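Peer 1: File final.cif follows (mmCIF, C-alpha atoms):
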```
data_upload
#
loop_
_atom_site.group_PDB
_atom_site.id
_atom_site.type_symbol
_atom_site.label_atom_id
_atom_site.label_comp_id
_atom_site.auth_asym_id
_atom_site.auth_seq_id
_atom_site.Cartn_x
_atom_site.Cartn_y
_atom_site.Cartn_z
ATOM 1 C CA MET A 83 257.068 -144.085 153.443
ATOM 2 C CA SER A 84 253.454 -144.955 154.237
ATOM 3 C CA ASN A 85 253.991 -143.458 157.701
ATOM 4 C CA TYR A 86 254.600 -140.063 156.177
ATOM 5 C CA VAL A 87 252.313 -139.808 153.180
ATOM 6 C CA ALA A 88 248.920 -141.219 152.294
ATOM 7 C CA TYR A 89 248.458 -140.834 148.556
ATOM 8 C CA ALA A 90 245.036 -139.690 147.350
ATOM 9 C CA SER A 91 246.209 -140.093 143.764
ATOM 10 C CA GLN A 92 249.478 -140.695 141.953
ATOM 11 C CA SER A 93 250.275 -137.003 141.577
ATOM 12 C CA THR A 94 248.980 -135.208 144.681
ATOM 13 C CA PRO A 95 249.925 -136.456 148.133
ATOM 14 C CA GLN A 96 247.639 -135.718 151.059
ATOM 15 C CA LEU A 97 250.002 -134.852 153.893
ATOM 16 C CA ARG A 98 249.497 -135.122 157.611
ATOM 17 C CA PRO A 99 249.009 -131.652 159.130
ATOM 18 C CA SER A 100 252.288 -131.820 161.070
ATOM 19 C CA LEU A 101 254.242 -132.702 157.927
ATOM 20 C CA ALA A 102 252.505 -130.047 155.813
ATOM 21 C CA ALA A 103 253.289 -127.453 158.507
ATOM 22 C CA PHE A 104 256.921 -128.605 158.593
ATOM 23 C CA ILE A 105 257.221 -128.194 154.805
ATOM 24 C CA GLN A 106 255.894 -124.630 155.049
ATOM 25 C CA MET A 107 258.245 -123.936 157.971
ATOM 26 C CA MET A 108 261.191 -125.205 155.881
ATOM 27 C CA ARG A 109 260.153 -122.973 152.986
ATOM 28 C CA ALA A 110 260.050 -119.978 155.354
ATOM 29 C CA TRP A 111 263.411 -120.886 156.930
ATOM 30 C CA LEU A 112 265.037 -121.276 153.497
ATOM 31 C CA LYS A 113 263.342 -118.067 152.256
ATOM 32 C CA ASP A 114 262.226 -120.039 149.196
ATOM 33 C CA TYR A 115 259.377 -117.904 147.877
ATOM 34 C CA PRO A 116 258.892 -116.733 144.273
ATOM 35 C CA GLU A 117 258.992 -113.057 145.261
ATOM 36 C CA LEU A 118 262.339 -113.521 147.048
ATOM 37 C CA ASN A 119 264.020 -115.518 144.271
ATOM 38 C CA ARG A 120 265.186 -112.695 142.035
ATOM 39 C CA LEU A 121 267.120 -114.865 139.599
ATOM 40 C CA LEU A 122 264.691 -117.772 139.441
ATOM 41 C CA GLU A 123 261.152 -118.078 138.276
ATOM 42 C CA GLY A 124 259.177 -119.464 141.185
ATOM 43 C CA GLU A 125 260.385 -121.565 144.069
ATOM 44 C CA GLU A 126 263.699 -123.357 144.062
ATOM 45 C CA HIS A 127 262.267 -126.412 145.858
ATOM 46 C CA THR A 128 258.807 -127.831 145.315
ATOM 47 C CA ASP A 129 256.802 -129.163 148.247
ATOM 48 C CA ARG A 130 257.422 -132.664 146.878
ATOM 49 C CA MET A 131 261.204 -132.075 146.923
ATOM 50 C CA ILE A 132 261.036 -130.841 150.520
ATOM 51 C CA LEU A 133 258.925 -133.890 151.405
ATOM 52 C CA TRP A 134 261.459 -136.202 149.778
ATOM 53 C CA ALA A 135 264.306 -134.449 151.605
ATOM 54 C CA THR A 136 262.400 -134.794 154.889
ATOM 55 C CA ILE A 137 261.927 -138.532 154.404
ATOM 56 C CA ASP A 138 265.609 -138.856 153.483
ATOM 57 C CA ALA A 139 266.691 -136.848 156.549
ATOM 58 C CA VAL A 140 264.529 -138.989 158.873
ATOM 59 C CA ASP A 141 266.041 -142.101 157.290
ATOM 60 C CA ASP A 142 269.563 -140.712 157.773
ATOM 61 C CA PHE A 143 268.749 -139.855 161.384
ATOM 62 C CA ASN A 144 267.573 -143.410 162.058
ATOM 63 C CA ALA A 145 270.461 -145.060 160.197
ATOM 64 C CA THR A 146 273.092 -143.287 162.301
ATOM 65 C CA PRO A 147 274.260 -145.144 165.436
ATOM 66 C CA PRO A 148 273.177 -145.404 168.169
ATOM 67 C CA LEU A 149 270.269 -147.044 166.388
ATOM 68 C CA VAL A 150 267.280 -145.700 168.260
ATOM 69 C CA GLY A 151 264.192 -145.638 166.028
ATOM 70 C CA PHE A 152 262.491 -142.261 165.667
ATOM 71 C CA THR A 153 259.457 -141.174 163.690
ATOM 72 C CA PHE A 154 259.105 -137.806 161.989
ATOM 73 C CA ASP A 155 257.197 -136.403 164.978
ATOM 74 C CA GLN A 156 259.856 -137.506 167.492
ATOM 75 C CA ILE A 157 262.870 -135.766 165.951
ATOM 76 C CA PRO A 158 263.315 -132.192 167.199
ATOM 77 C CA VAL A 159 262.600 -129.638 164.475
ATOM 78 C CA SER A 160 265.805 -127.771 165.347
ATOM 79 C CA ILE A 161 267.785 -130.831 164.211
ATOM 80 C CA LEU A 162 265.547 -132.044 161.399
ATOM 81 C CA LYS A 163 265.575 -128.708 159.567
ATOM 82 C CA TYR A 164 269.372 -128.915 159.232
ATOM 83 C CA GLY A 165 269.090 -132.478 157.923
ATOM 84 C CA VAL A 166 266.476 -131.470 155.346
ATOM 85 C CA ALA A 167 268.524 -128.431 154.291
ATOM 86 C CA ASN A 168 271.564 -130.684 153.924
ATOM 87 C CA VAL A 169 269.690 -133.052 151.582
ATOM 88 C CA LEU A 170 268.283 -130.144 149.550
ATOM 89 C CA MET A 171 271.744 -128.566 149.302
ATOM 90 C CA GLU A 172 273.165 -131.862 148.056
ATOM 91 C CA SER A 173 270.501 -131.926 145.356
ATOM 92 C CA LEU A 174 271.330 -128.341 144.366
ATOM 93 C CA LEU A 175 275.011 -129.271 144.104
ATOM 94 C CA PHE A 176 274.235 -131.995 141.562
ATOM 95 C CA PHE A 177 272.147 -129.515 139.601
ATOM 96 C CA SER A 178 274.803 -126.785 139.812
ATOM 97 C CA VAL A 179 277.654 -129.010 138.654
ATOM 98 C CA ARG A 180 275.568 -130.335 135.781
ATOM 99 C CA ASN A 181 274.567 -126.830 134.639
ATOM 100 C CA SER A 182 277.736 -124.795 135.201
ATOM 101 C CA LEU A 183 278.749 -122.526 132.348
ATOM 102 C CA ALA A 184 281.751 -120.308 131.684
ATOM 103 C CA TYR A 185 281.373 -117.938 128.741
ATOM 104 C CA SER A 186 283.763 -115.367 127.310
ATOM 105 C CA ASP A 187 283.162 -112.940 124.443
ATOM 106 C CA GLY A 188 285.000 -109.765 123.559
ATOM 107 C CA GLY A 189 286.825 -109.526 126.874
ATOM 108 C CA THR A 190 283.677 -110.028 128.916
ATOM 109 C CA ASN A 191 283.672 -113.127 131.079
ATOM 110 C CA VAL A 192 280.494 -114.634 132.435
ATOM 111 C CA ASN A 193 280.705 -117.516 134.867
ATOM 112 C CA ILE A 194 277.466 -119.137 135.949
ATOM 113 C CA ASP A 195 278.824 -121.474 138.589
ATOM 114 C CA LYS A 196 277.692 -121.402 142.194
ATOM 115 C CA THR A 197 279.227 -124.771 143.031
ATOM 116 C CA PRO A 198 281.978 -123.436 145.362
ATOM 117 C CA GLN A 199 279.477 -121.334 147.321
ATOM 118 C CA LEU A 200 277.000 -124.210 147.525
ATOM 119 C CA MET A 201 279.737 -126.616 148.655
ATOM 120 C CA GLN A 202 280.819 -124.231 151.394
ATOM 121 C CA LEU A 203 277.234 -123.774 152.565
ATOM 122 C CA ARG A 204 276.606 -127.525 152.476
ATOM 123 C CA GLN A 205 279.729 -128.198 154.552
ATOM 124 C CA LEU A 206 278.522 -125.698 157.133
ATOM 125 C CA MET A 207 275.022 -127.236 157.206
ATOM 126 C CA SER A 208 276.357 -130.778 157.278
ATOM 127 C CA ALA A 209 278.738 -130.099 160.165
ATOM 128 C CA SER A 210 276.003 -128.423 162.183
ATOM 129 C CA TYR A 211 273.522 -131.213 161.445
ATOM 130 C CA GLU A 212 275.938 -134.040 162.268
ATOM 131 C CA ASP A 213 276.954 -132.384 165.541
ATOM 132 C CA LYS A 214 273.377 -131.735 166.667
ATOM 133 C CA LYS A 215 272.264 -135.200 165.563
ATOM 134 C CA MET A 216 275.022 -137.029 167.437
ATOM 135 C CA ARG A 217 274.645 -135.007 170.631
ATOM 136 C CA TYR A 218 270.894 -135.627 170.667
ATOM 137 C CA LYS A 219 271.138 -139.342 169.864
ATOM 138 C CA VAL A 220 273.801 -139.928 172.510
ATOM 139 C CA ALA A 221 271.728 -138.052 175.102
ATOM 140 C CA VAL A 222 268.601 -140.075 174.259
ATOM 141 C CA ASN A 223 270.574 -143.315 174.289
ATOM 142 C CA ILE A 224 272.023 -142.498 177.712
ATOM 143 C CA SER A 225 268.655 -141.480 179.123
ATOM 144 C CA ARG A 226 267.127 -144.754 177.953
ATOM 145 C CA GLY A 227 269.988 -146.674 179.546
ATOM 146 C CA TYR A 228 269.031 -145.850 183.141
ATOM 147 C CA ASP A 229 267.253 -149.138 183.605
ATOM 148 C CA SER A 230 268.402 -152.292 185.278
ATOM 149 C CA VAL A 231 270.238 -154.859 183.233
ATOM 150 C CA PRO A 232 270.290 -158.147 185.099
ATOM 151 C CA SER A 233 273.581 -159.913 185.522
ATOM 152 C CA GLU A 234 274.082 -163.598 184.865
ATOM 153 C CA TYR A 235 275.307 -163.857 188.481
ATOM 154 C CA PHE A 236 271.743 -163.176 189.623
ATOM 155 C CA VAL A 237 270.550 -166.336 187.857
ATOM 156 C CA ILE A 238 273.422 -168.421 189.244
ATOM 157 C CA SER A 239 273.571 -167.114 192.802
ATOM 158 C CA GLY A 240 270.136 -165.663 193.440
ATOM 159 C CA PHE A 241 269.399 -162.356 195.100
ATOM 160 C CA TYR A 242 270.641 -161.958 198.689
ATOM 161 C CA GLY A 243 270.321 -158.221 199.064
ATOM 162 C CA ALA A 244 267.973 -156.419 201.405
ATOM 163 C CA TRP A 245 264.758 -155.003 200.028
#
```
Once you've parsed the file, please lay out its structure as structure tokens.
Peer 2:
Amino acid sequence: MSNYVAYASQSTPQLRPSLAAFIQMMRAWLKDYPELNRLLEGEEHTDRMILWATIDAVDDFNATPPLVGFTFDQIPVSILKYGVANVLMESLLFFSVRNSLAYSDGGTNVNIDKTPQLMQLRQLMSASYEDKKMRYKVAVNISRGYDSVPSEYFVISGFYGAW
């Protein structure tokens, strides 16, 4: 994690400019602003939550075969934003399941449960992210494979080809 964040104190991280810009871009892409959240007070995701989700998405990207190590700056934003959204959606699902409520009084039913909608959205995000991630990683792996790999026959027999 030291690659991504240098802590000035325990509570306030000092972010690299590229990471701070990415967090603001994610907030804009998710439309997570207090004035747009009509049913919530404030933002749904703090900058720290988006940072955590970004670190988790980079880790997921690197843990998926083919194992080609990438840093935050090397992963295309078009792929990383889906990975971050997927992690944030997973977090919202835990919160939604834990806080679901069905209430009935005098023939009026109130159901505060967005879990099915969140699950459907997460499945869509996850499928898109996994597809983009795999296509990109395979393409990078193939492009890095256009190098010579010596054969053991070269050591045994020597090289007799023309230069």
Peer 1: Separation of CA of Ser225 (chain A) and CA of Ser100 (chain A), in Å?
Peer 2: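 Between CA of Ser225 (chain A) and CA of Ser100 (chain A) the gap is 26.2 Å.
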Peer 1: Between A:Ile132, A:Leu200, A:Val192, A:Leu149, which is the closest to Val222 (chain A) once you count only C-alpha atoms?
Peer 2: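 Closest candidate: A:Leu149.
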Peer 1: To one decimal place in Å, what is the distance between CA of Leu101 (chain A) and CA of Asn144 (chain A)?
Peer 2: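 CA of Leu101 (chain A) sits 17.6 Å away from CA of Asn144 (chain A).
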Peer 1: For region 167-170 of chain A, list every protein, DNA or RNA residue within 6 Å, evaluated using only C-alpha atoms, and leave out those in the same chain fewer than 5 positions away; present the list as number ranges by chain.
Peer 2: A: 135, 207-208
Peer 1: Which polymer residues have any atom within 10 Å of an atom of Met216 (chain A), counting all atoms listed in the file, with same-chain residues fewer than 6 positions away left out, as number ranges by chain?
Peer 2: A: 143, 146-148, 222
Peer 1: Which residues, written as an MDAnalysis selection string, have at least one atom at most 12 Å from region 150-156 of chain A, with all atoms listed in the file counted and residues fewer than 3 positions away on the same chain left out?
Peer 2: chainID A and resid 83:87 98:104 133 136:147 159:163 166 215:216 218:227
Peer 1: Calculate how many Å separate CA of Glu172 (chain A) from CA of Asn191 (chain A), rounding to one decimal.
Peer 2: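 Between CA of Glu172 (chain A) and CA of Asn191 (chain A) the gap works out to 27.4 Å.
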